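To start, the structure under review is shown below, and the notes come after it.
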Amino acid sequence: MSQCVEQIRHVCTLGAFESVLAIKRAVPIVHAGPGCVAKLWTTLGSQNGHQGSGYVGGHAIPCTNASEKEVVFGGTDQLRKVITNTFDVIDGDLFVVLTGCTSDIIGDDVGEVTRKFQDQGKPIVYVETGGFKGSNLVGHELVLDAIIDQYLQPQQVEPGLVNIWSSVPYQNTFWSGDIEQLNILISSLGLKPNVIFGPDSSVEALNNIPKAQFNLVISPWVGLRNAEHLEDKFGTPFLHYPALPVGPTETSNFLRAVGEFAGIDPSVVENVIRKQEERYFYYLERAADTLLETRLLPRRFITVADSLYALGIARFLTNDMGLIPEKQFITDDTPIKYQDSVSAEFKKFTSDIVAETVFSNDGGYVEEEIRKLKIRSRPIILGSSWERVVARDLNAYQLSVSAPIGNEMVLSKSYVGYNGALQLVEDIYSVVLNDFM
């Protein structure tokens with residue numbers, strides 16, 4: 001009996017070329033069929049917040065366009081030509097060769113081809129990202145591992161320098177804004193974030209990864225293997241903070257955890273928290289007339305998102321806004337070995353509230369489960385554009401917070417931190433007020 005996955009939430013491993021594009025002047029070179037990149041870019045870059053393509057992205061990505069000829073006779077010669085021409089035509093600081101299913105299946109020795117360019121002093125690495133290896137979140141980790149193994153060199157540790165690993169570029173629709181807000185939070189403690197992805201990124205920042213005092217993984221599971229890898233290779237310790245800091249409760253806890261790990265004077269940390277919380281509550285108190293209209297705010301919520309956003313948003317809505325969590329659907333194809341630890345995080349709410357978690361990237365199944373829920377009051381569904389239909393059918397409110405988001409353009413929006421929580425409150429109440437009015 002054949003099975004299919006409805007309403008996809010992520011793409012295959014090869015989609016990790018977007019992580020390369022998230023590093024300024026880094027160039028992906030794809031050894032795959034002619035349709036792979038176009039479809040993946042459309043899904044992640046065009047139909048997920050309309051993020052676009054960026055420098056050498058989209059249709060400008062160098063590709064071997066492997067055909068039947070390469071399947072029969074091998075594609076290494078074609079790959080060699082494409083790499084050579086890419087160096088001649090494209091101005092970049094780092095080049096990353098990524099493979100598709102075809103080249104991985106027929107056994108093209110991409111490593112041998114790439115190493116010859118490395119021996120010439122070219123800044124190039126390779127990674128096998130055949131789509132059958134998993135999702136693009138796994139591909140993101142594979143790309144980072146390739147950079148760690150083939151490109152990075154030992155450096156003298158720089159006190160206060162911190163590598164931040166969190167939102168996956170382009171997959172997490174708000175990744176760019178998230179990284180900016182996380183950098184601001186870390187900087188407020190007197191630490192120096194090493195900006196690897198986003199508007200302030202550079203290949204120089206990649207070179208500086210081994211210089212960091214520690215690695216900071218802000219994610220339930222993505223990026224953990226890379227932090228462990230860096231610890232093994234360069235001896236860099238890491239702090240794992242599993243929840244995206246959204247709102248005053250979680251963000252203050254986050255800053256205290258980072259401050260303690262970094263050895264920062266607690267009084268410095270508390271001063272930062274006090275100023276940020278004063279600003280946050282100023283805006284909430286000013287809007288209290290509307291916020292306290294309990295007949296407007298939904299009492300219950302459902303999230304349909306990757307583990308990073310589902311956990312971060314659920315904790316904020318429960319701990320800070322007083323909403324009650326219904327089922328929390330985790331859609332990022334969380335590896336089985338991490339599922340218990342992710343579920344455990346949904347039991348760490350205030351007032352001993354426990355949220356039930358369901359792991360599934362099948363939107364059809366998720367929709368069926370949502371329709372089975374017996375909710376008397378009108379809930380809000382925080383998911384993707386896919387959930388707009390079921391929300392309409394169930395007379396629920398809906399806000400798009402996870403991939404794919406086709407009904408919004410996302411530039412620098414973020415729900416991270418104190419300011420991000422204000423943005424989330426604005427968005428939720430705007431959905432409610434638009435319907436109410």
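Residue names in the structure tokens use chain letters A, B, ... in the order shown, residue numbers from 1 in each chain, and ligand numbers from 1 in the order shown.
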Who sits within 12 Å of Arg225 (chain A), only C-alpha atoms, same chain under 2 positions skipped, as a PDB file with C-alpha atoms, in the first residue's frame:
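Result written to selection26.pdb:
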ATOM      1  CA  LEU A 137      17.276  20.491   8.576  1.00  0.00           C
ATOM      2  CA  VAL A 138      19.519  17.430   8.497  1.00  0.00           C
ATOM      3  CA  HIS A 140      21.848  22.101   7.265  1.00  0.00           C
ATOM      4  CA  GLU A 141      23.802  20.110   9.845  1.00  0.00           C
ATOM      5  CA  LEU A 142      25.646  18.185   7.125  1.00  0.00           C
ATOM      6  CA  VAL A 143      26.762  21.428   5.464  1.00  0.00           C
ATOM      7  CA  LEU A 144      28.093  22.745   8.766  1.00  0.00           C
ATOM      8  CA  ASP A 145      29.906  19.476   9.450  1.00  0.00           C
ATOM      9  CA  ILE A 148      34.053  22.152  10.146  1.00  0.00           C
ATOM     10  CA  TRP A 165      23.286  28.232  16.283  1.00  0.00           C
ATOM     11  CA  ASN A 215      28.948  27.695  21.192  1.00  0.00           C
ATOM     12  CA  VAL A 217      22.719  26.147  20.587  1.00  0.00           C
ATOM     13  CA  SER A 219      17.153  24.773  19.456  1.00  0.00           C
ATOM     14  CA  PRO A 220      15.543  21.554  20.702  1.00  0.00           C
ATOM     15  CA  TRP A 221      17.781  19.447  18.433  1.00  0.00           C
ATOM     16  CA  VAL A 222      19.005  21.106  15.224  1.00  0.00           C
ATOM     17  CA  GLY A 223      22.642  22.135  15.604  1.00  0.00           C
ATOM     18  CA  ALA A 227      28.224  21.809  18.614  1.00  0.00           C
ATOM     19  CA  GLU A 228      29.355  18.352  19.715  1.00  0.00           C
ATOM     20  CA  HIS A 229      31.526  18.144  16.602  1.00  0.00           C
ATOM     21  CA  LEU A 230      33.158  21.502  17.370  1.00  0.00           C
ATOM     22  CA  GLU A 231      33.760  20.436  20.950  1.00  0.00           C
ATOM     23  CA  ASP A 232      35.474  17.249  19.762  1.00  0.00           C
ATOM     24  CA  PHE A 238      28.687  24.580  24.304  1.00  0.00           C
ATOM     25  CA  HIS A 240      22.311  23.962  24.867  1.00  0.00           C
ATOM     26  CA  TYR A 338      15.332  13.503  20.261  1.00  0.00           C
TER      27      TYR A 338
END
All residues 10 Å or closer to Ser19 (chain A), only C-alpha atoms, same chain fewer than 4 positions away omitted, as a list of chain:residue names: A:Gly15, A:Ile23, A:Ala26, A:Pro28, A:Asn136, A:Leu137, A:Gly139, A:His140, A:Glu141, A:Val143, A:Leu144, A:Val168, A:Pro169, A:Tyr170, A:Gln171, A:Phe197, A:Gly198
For those residues, write N, CA and C atoms to a file as a short mmCIF file (atom, residue, chain, number, x, y, z; two decimals), in the first residue's frame.
data_model
loop_
_atom_site.label_atom_id
_atom_site.label_comp_id
_atom_site.auth_asym_id
_atom_site.auth_seq_id
_atom_site.Cartn_x
_atom_site.Cartn_y
_atom_site.Cartn_z
N GLY A 15 18.01 20.85 0.08
CA GLY A 15 17.55 22.21 0.37
C GLY A 15 18.51 22.98 1.25
N ILE A 23 25.02 32.77 4.05
CA ILE A 23 26.34 33.30 4.40
C ILE A 23 26.78 34.23 3.27
N ALA A 26 29.05 33.35 0.05
CA ALA A 26 29.22 31.90 -0.05
C ALA A 26 28.37 31.42 -1.22
N PRO A 28 26.79 28.17 -3.42
CA PRO A 28 26.52 26.74 -3.58
C PRO A 28 26.74 26.31 -5.03
N ASN A 136 15.86 19.01 4.96
CA ASN A 136 16.86 20.07 4.81
C ASN A 136 17.40 20.53 6.16
N LEU A 137 16.71 20.20 7.26
CA LEU A 137 17.28 20.49 8.58
C LEU A 137 18.48 19.59 8.83
N GLY A 139 20.19 18.35 6.34
CA GLY A 139 21.14 18.88 5.37
C GLY A 139 21.90 20.08 5.90
N HIS A 140 21.21 20.93 6.64
CA HIS A 140 21.85 22.10 7.27
C HIS A 140 23.00 21.66 8.17
N GLU A 141 22.75 20.62 8.96
CA GLU A 141 23.80 20.11 9.84
C GLU A 141 24.94 19.49 9.04
N VAL A 143 25.97 20.34 6.04
CA VAL A 143 26.76 21.43 5.46
C VAL A 143 27.73 21.98 6.50
N LEU A 144 27.23 22.21 7.71
CA LEU A 144 28.09 22.75 8.77
C LEU A 144 29.20 21.76 9.13
N VAL A 168 17.08 27.73 11.30
CA VAL A 168 17.65 27.25 10.04
C VAL A 168 17.28 28.22 8.93
N PRO A 169 18.28 28.78 8.24
CA PRO A 169 18.01 29.79 7.21
C PRO A 169 17.01 29.32 6.16
N TYR A 170 16.07 30.20 5.85
CA TYR A 170 15.03 30.03 4.83
C TYR A 170 13.97 29.00 5.23
N GLN A 171 14.32 27.92 5.90
CA GLN A 171 13.31 26.98 6.38
C GLN A 171 12.48 27.65 7.47
N PHE A 197 25.23 33.65 9.92
CA PHE A 197 24.20 33.74 8.89
C PHE A 197 23.51 35.10 8.96
N GLY A 198 22.94 35.52 7.83
CA GLY A 198 22.12 36.72 7.84
C GLY A 198 22.81 37.96 7.33
#
Which of region 47-134 of chain A DSSP labels alpha helix (DSSP H), written as a PyMOL selection string: chain A and resi 68-73+76-89+101-106+110-119
Put those residues in a file: C-alpha atoms, as an mmCIF file, in the first residue's frame.
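New file again.cif:
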data_model
loop_
_atom_site.group_PDB
_atom_site.id
_atom_site.type_symbol
_atom_site.label_atom_id
_atom_site.label_comp_id
_atom_site.auth_asym_id
_atom_site.auth_seq_id
_atom_site.Cartn_x
_atom_site.Cartn_y
_atom_site.Cartn_z
ATOM 1 C CA GLU A 68 20.764 10.476 -18.524
ATOM 2 C CA LYS A 69 24.267 10.818 -19.937
ATOM 3 C CA GLU A 70 25.711 11.483 -16.456
ATOM 4 C CA VAL A 71 23.678 8.596 -15.039
ATOM 5 C CA VAL A 72 25.168 6.179 -17.571
ATOM 6 C CA PHE A 73 28.736 7.467 -17.821
ATOM 7 C CA THR A 76 32.421 13.880 -12.441
ATOM 8 C CA ASP A 77 33.690 15.434 -15.680
ATOM 9 C CA GLN A 78 30.650 17.689 -15.858
ATOM 10 C CA LEU A 79 31.067 18.640 -12.204
ATOM 11 C CA ARG A 80 34.724 19.502 -12.768
ATOM 12 C CA LYS A 81 33.760 21.801 -15.647
ATOM 13 C CA VAL A 82 31.039 23.528 -13.640
ATOM 14 C CA ILE A 83 33.366 24.128 -10.676
ATOM 15 C CA THR A 84 36.066 25.520 -12.958
ATOM 16 C CA ASN A 85 33.623 27.840 -14.720
ATOM 17 C CA THR A 86 32.124 28.930 -11.398
ATOM 18 C CA PHE A 87 35.508 30.092 -10.140
ATOM 19 C CA ASP A 88 35.967 32.012 -13.415
ATOM 20 C CA VAL A 89 32.558 33.679 -13.398
ATOM 21 C CA CYS A 101 19.991 11.932 -5.307
ATOM 22 C CA THR A 102 21.264 11.010 -8.788
ATOM 23 C CA SER A 103 24.955 11.620 -8.132
ATOM 24 C CA ASP A 104 24.790 9.910 -4.739
ATOM 25 C CA ILE A 105 23.060 6.848 -6.163
ATOM 26 C CA ILE A 106 25.420 6.352 -9.113
ATOM 27 C CA VAL A 110 32.552 14.232 -5.620
ATOM 28 C CA GLY A 111 35.146 14.287 -2.868
ATOM 29 C CA GLU A 112 37.971 13.429 -5.250
ATOM 30 C CA VAL A 113 36.932 16.176 -7.679
ATOM 31 C CA THR A 114 36.635 18.759 -4.917
ATOM 32 C CA ARG A 115 39.896 17.830 -3.195
ATOM 33 C CA LYS A 116 41.840 18.605 -6.359
ATOM 34 C CA PHE A 117 40.548 22.170 -6.184
ATOM 35 C CA GLN A 118 41.291 22.277 -2.456
ATOM 36 C CA ASP A 119 44.868 21.210 -3.227
#
Test item: residues at most 12 Å from Asn361 (chain A), only C-alpha atoms, excluding those fewer than 6 positions along its chain, as a PyMOL selection string: chain A and resi 4-11+135+304-307+329-335+367+384+386+403
Contact residues around Phe349 (chain A) with only C-alpha atoms at 9 Å, ignoring same-chain residues under 2 positions, as a PyMOL selection string: chain A and resi 314-315+318-319+345-347+351-355
May I have the residues within 12 Å of Leu433 (chain A) as a PDB file with N, CA, C and O atoms, in the first residue's frame, using only C-alpha atoms and disregarding those fewer than 3 positions away in the same chain?
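Contents of around.pdb, as written:
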ATOM      1  N   THR A 290      -7.575  46.886  25.914  1.00  0.00           N
ATOM      2  CA  THR A 290      -7.922  45.878  24.908  1.00  0.00           C
ATOM      3  C   THR A 290      -7.462  44.497  25.323  1.00  0.00           C
ATOM      4  O   THR A 290      -8.186  43.512  25.168  1.00  0.00           O
ATOM      5  N   LEU A 291      -6.262  44.423  25.868  1.00  0.00           N
ATOM      6  CA  LEU A 291      -5.694  43.120  26.218  1.00  0.00           C
ATOM      7  C   LEU A 291      -6.527  42.399  27.269  1.00  0.00           C
ATOM      8  O   LEU A 291      -6.596  41.166  27.283  1.00  0.00           O
ATOM      9  N   GLU A 293      -9.695  42.501  27.602  1.00  0.00           N
ATOM     10  CA  GLU A 293     -11.020  42.118  27.101  1.00  0.00           C
ATOM     11  C   GLU A 293     -10.998  40.617  26.839  1.00  0.00           C
ATOM     12  O   GLU A 293     -10.689  40.151  25.749  1.00  0.00           O
ATOM     13  N   ARG A 295     -13.148  38.521  26.309  1.00  0.00           N
ATOM     14  CA  ARG A 295     -14.033  37.992  25.267  1.00  0.00           C
ATOM     15  C   ARG A 295     -13.385  38.061  23.898  1.00  0.00           C
ATOM     16  O   ARG A 295     -13.858  37.449  22.950  1.00  0.00           O
ATOM     17  N   LEU A 296     -12.264  38.797  23.793  1.00  0.00           N
ATOM     18  CA  LEU A 296     -11.570  38.885  22.512  1.00  0.00           C
ATOM     19  C   LEU A 296     -10.482  37.832  22.385  1.00  0.00           C
ATOM     20  O   LEU A 296     -10.349  37.172  21.358  1.00  0.00           O
ATOM     21  N   LEU A 297      -9.659  37.673  23.411  1.00  0.00           N
ATOM     22  CA  LEU A 297      -8.508  36.794  23.312  1.00  0.00           C
ATOM     23  C   LEU A 297      -8.939  35.327  23.374  1.00  0.00           C
ATOM     24  O   LEU A 297      -9.661  34.928  24.286  1.00  0.00           O
ATOM     25  N   PRO A 298      -8.500  34.509  22.429  1.00  0.00           N
ATOM     26  CA  PRO A 298      -8.813  33.070  22.488  1.00  0.00           C
ATOM     27  C   PRO A 298      -8.233  32.467  23.760  1.00  0.00           C
ATOM     28  O   PRO A 298      -7.143  32.837  24.192  1.00  0.00           O
ATOM     29  N   TYR A 397      -9.387  31.115  14.888  1.00  0.00           N
ATOM     30  CA  TYR A 397      -8.451  32.134  14.424  1.00  0.00           C
ATOM     31  C   TYR A 397      -7.196  31.425  13.901  1.00  0.00           C
ATOM     32  O   TYR A 397      -6.862  30.321  14.332  1.00  0.00           O
ATOM     33  N   VAL A 425       2.158  39.480  20.034  1.00  0.00           N
ATOM     34  CA  VAL A 425       0.891  39.955  20.610  1.00  0.00           C
ATOM     35  C   VAL A 425       0.157  40.837  19.605  1.00  0.00           C
ATOM     36  O   VAL A 425      -1.063  40.707  19.412  1.00  0.00           O
ATOM     37  N   GLU A 426       0.895  41.717  18.949  1.00  0.00           N
ATOM     38  CA  GLU A 426       0.284  42.564  17.911  1.00  0.00           C
ATOM     39  C   GLU A 426      -0.361  41.722  16.823  1.00  0.00           C
ATOM     40  O   GLU A 426      -1.494  41.982  16.397  1.00  0.00           O
ATOM     41  N   ASP A 427       0.365  40.706  16.361  1.00  0.00           N
ATOM     42  CA  ASP A 427      -0.146  39.880  15.267  1.00  0.00           C
ATOM     43  C   ASP A 427      -1.375  39.083  15.679  1.00  0.00           C
ATOM     44  O   ASP A 427      -2.344  38.967  14.922  1.00  0.00           O
ATOM     45  N   ILE A 428      -1.344  38.513  16.897  1.00  0.00           N
ATOM     46  CA  ILE A 428      -2.488  37.726  17.354  1.00  0.00           C
ATOM     47  C   ILE A 428      -3.727  38.606  17.508  1.00  0.00           C
ATOM     48  O   ILE A 428      -4.818  38.268  17.033  1.00  0.00           O
ATOM     49  N   TYR A 429      -3.556  39.754  18.166  1.00  0.00           N
ATOM     50  CA  TYR A 429      -4.711  40.628  18.367  1.00  0.00           C
ATOM     51  C   TYR A 429      -5.182  41.239  17.059  1.00  0.00           C
ATOM     52  O   TYR A 429      -6.377  41.525  16.885  1.00  0.00           O
ATOM     53  N   SER A 430      -4.284  41.430  16.120  1.00  0.00           N
ATOM     54  CA  SER A 430      -4.711  41.953  14.806  1.00  0.00           C
ATOM     55  C   SER A 430      -5.598  40.939  14.098  1.00  0.00           C
ATOM     56  O   SER A 430      -6.585  41.308  13.463  1.00  0.00           O
ATOM     57  N   PHE A 436     -13.206  40.416  14.503  1.00  0.00           N
ATOM     58  CA  PHE A 436     -14.215  40.958  15.410  1.00  0.00           C
ATOM     59  C   PHE A 436     -14.893  42.185  14.818  1.00  0.00           C
ATOM     60  O   PHE A 436     -16.095  42.392  14.987  1.00  0.00           O
ATOM     61  N   MET A 437     -14.078  43.010  14.139  1.00  0.00           N
ATOM     62  CA  MET A 437     -14.625  44.251  13.596  1.00  0.00           C
ATOM     63  C   MET A 437     -15.455  44.018  12.340  1.00  0.00           C
ATOM     64  O   MET A 437     -16.060  44.873  11.809  1.00  0.00           O
TER      65      MET A 437
END
All residues 12 Å or closer to Thr42 (chain A), only C-alpha atoms, same chain fewer than 3 positions away omitted, as a VMD selection string: chain A and resid 10 to 11 15 18 35 to 39 45 to 53 57 to 59 170 to 171 404 406
Expected file contents, prior selection, C-alpha atoms, as a PDB file, in the first residue's frame:
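Output contents, as saved in again19.pdb:
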ATOM      1  CA  HIS A  10      10.091  21.120   4.698  1.00  0.00           C
ATOM      2  CA  VAL A  11      12.103  19.837   1.755  1.00  0.00           C
ATOM      3  CA  GLY A  15      17.548  22.206   0.370  1.00  0.00           C
ATOM      4  CA  GLU A  18      19.857  27.780   1.252  1.00  0.00           C
ATOM      5  CA  GLY A  35      14.660  20.526 -11.695  1.00  0.00           C
ATOM      6  CA  CYS A  36      15.877  19.979  -8.140  1.00  0.00           C
ATOM      7  CA  VAL A  37      17.135  23.456  -7.300  1.00  0.00           C
ATOM      8  CA  ALA A  38      14.223  25.215  -9.001  1.00  0.00           C
ATOM      9  CA  LYS A  39      11.643  23.277  -6.991  1.00  0.00           C
ATOM     10  CA  GLY A  45      12.625  31.123  -1.104  1.00  0.00           C
ATOM     11  CA  SER A  46       9.466  32.042  -2.969  1.00  0.00           C
ATOM     12  CA  GLN A  47       6.535  30.377  -1.221  1.00  0.00           C
ATOM     13  CA  ASN A  48       7.805  30.716   2.337  1.00  0.00           C
ATOM     14  CA  GLY A  49       7.499  34.349   3.281  1.00  0.00           C
ATOM     15  CA  HIS A  50       8.530  35.430  -0.222  1.00  0.00           C
ATOM     16  CA  GLN A  51      12.118  35.712   0.998  1.00  0.00           C
ATOM     17  CA  GLY A  52      13.602  35.767  -2.496  1.00  0.00           C
ATOM     18  CA  SER A  53      16.911  34.401  -3.728  1.00  0.00           C
ATOM     19  CA  GLY A  57      20.588  32.276  -5.395  1.00  0.00           C
ATOM     20  CA  GLY A  58      17.551  31.050  -7.274  1.00  0.00           C
ATOM     21  CA  HIS A  59      18.205  30.535 -10.986  1.00  0.00           C
ATOM     22  CA  TYR A 170      15.033  30.027   4.832  1.00  0.00           C
ATOM     23  CA  GLN A 171      13.314  26.977   6.382  1.00  0.00           C
ATOM     24  CA  PRO A 404       5.285  27.388   4.440  1.00  0.00           C
ATOM     25  CA  GLY A 406       2.556  31.959   1.435  1.00  0.00           C
TER      26      GLY A 406
END
Picked from region 29-100 of chain A by DSSP as strand (DSSP E or B), as a VMD selection string: chain A and resid 29 to 31 63 94 to 99
A:Ser385, A:Ser167, A:Asn434, A:Gln150 ranked by distance to Ile124 (chain A), top pick (using only C-alpha atoms):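 Among the listed residues, the smallest separation from Ile124 (chain A) belongs to A:Gln150.
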Residue nearest Ile380 (chain A) among A:Gly121, A:Pro325, A:Gly417, A:Pro237 (counting only C-alpha atoms):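 Nearest to Ile380 (chain A): A:Pro325.
Of the listed residues (A:Val97, A:Val125, A:Ile90, A:Leu14), A:Val125 comes nearest to Ala146 (chain A); the distances count only C-alpha atoms.
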